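Below: the structure, in structure tokens.
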Amino acid sequence: MSEQSPPEDARAGHPDALPEYAERVLELAERIPQGRVMTYGDVAEWLEEGGPRQVGRVMALYGGAVPWWRVVRADGALLPGHELRALAHYRAEGTPLKQAGRTAQGHLPRLDMRRARWDGGADAEGHT
């Protein structure tokens, strides 16, 4: 998995157009089935370009229009600052969660990455 920067694609004549790499990240985020997640690193590996930081940057800048809660940290922790919104989506979609221990900050659950992680394979049927 490479940590290289995504290509800068200014798309002359279309100043509001997303960079090509961002479009690819967002398209993959839209394909993740309900109740499943991919890590930032999974997305970069699946695209065979960039790395977790580049995917995170794309999601931070442009991810509001896609199911952003399905692209997550590898440790299963909920996105800081968006925990309650993400948790509502996970519960509505039936995403596997692990209950938080009493010492966990805010007693928030984590994603059960073993069960929730999606590899981009065949179980995406019906998702484009």
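Naming works like this for the structure tokens: A, B, ... for the chains as they're shown, residue 1 at the start of each chain, ligands 1 onward in shown order.
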**Close residues, stretch 87-92 of chain A itself excluded, 12 Å, only C-alpha atoms, min 6 positions apart in chain, as a PyMOL selection string** = chain A and resi 33-37+67-72+76-81+98-99+108-112+116
**Message:** Just want the 12 Å neighbourhood of A:Trp46, counted on only C-alpha atoms, with same-chain residues fewer than 3 positions away dropped. Output as an MDAnalysis selection string.
**Reply:** chainID A and resid 1:2 24:25 27:29 38:43 49:52 55 118:121
Got time to write the residues from that selection, C-alpha atoms, as a CSV table (one decimal), in the first residue's frame?
chain,number,residue,atom,x,y,z
A,1,MET,CA,0.0,0.0,0.0
A,2,SER,CA,1.5,3.3,-1.1
A,24,ARG,CA,-12.9,7.2,-7.2
A,25,VAL,CA,-12.9,7.3,-3.4
A,27,GLU,CA,-17.7,6.1,-5.8
A,28,LEU,CA,-16.3,3.3,-3.7
A,29,ALA,CA,-17.8,4.7,-0.5
A,38,MET,CA,-14.1,-0.3,4.8
A,39,THR,CA,-11.1,1.3,6.5
A,40,TYR,CA,-9.3,4.3,5.0
A,41,GLY,CA,-6.5,1.9,4.2
A,42,ASP,CA,-8.9,-0.7,2.6
A,43,VAL,CA,-10.2,2.0,0.3
A,49,GLU,CA,-3.6,4.4,-5.2
A,50,GLY,CA,-2.8,6.8,-2.3
A,51,GLY,CA,-3.0,5.7,1.3
A,52,PRO,CA,-5.2,6.0,4.4
A,55,VAL,CA,-8.6,8.7,1.6
A,118,TRP,CA,-16.2,-5.4,3.6
A,119,ASP,CA,-13.6,-6.5,1.1
A,120,GLY,CA,-15.3,-5.0,-2.0
A,121,GLY,CA,-16.4,-8.4,-3.2
**For A:Tyr62, the nearest of the candidates A:His107, A:Ala17, A:Gly94, A:Ala22, counting only C-alpha atoms** =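 Ranked by minimum distance to A:Tyr62, first place goes to A:Ala22.
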**Request:** Between A:Glu20, A:Glu30, A:Glu45, A:Glu93, single out the one closest to A:Val66, counting only C-alpha atoms.
**Result:** A:Glu30
**Item:** Closest of A:Arg73, A:Arg115, A:Arg31, A:Arg85 to A:Arg53 - atom-to-atom distances counting only C-alpha atoms
**Value:** A:Arg73
**Asked** Which is closest to A:Arg114 among A:Ala86, A:Ala74, A:Glu23, A:Ala100, if we use only C-alpha atoms?
**Response** A:Ala74
**Request:** In Å, rounded to a single decimal, give me how far atom CA of A:Leu84 is from atom CA of A:Tyr21.
**Result:**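 Computed distance, atom CA of A:Tyr21 to atom CA of A:Leu84, equals 28.8 Å.
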**Request:** Please run DSSP on the backbone and report, as an MDAnalysis selection string, all residues within stretch 43-128 of chain A that come out as strand (DSSP E).
**Result:** chainID A and resid 71:72 97:98 110:111
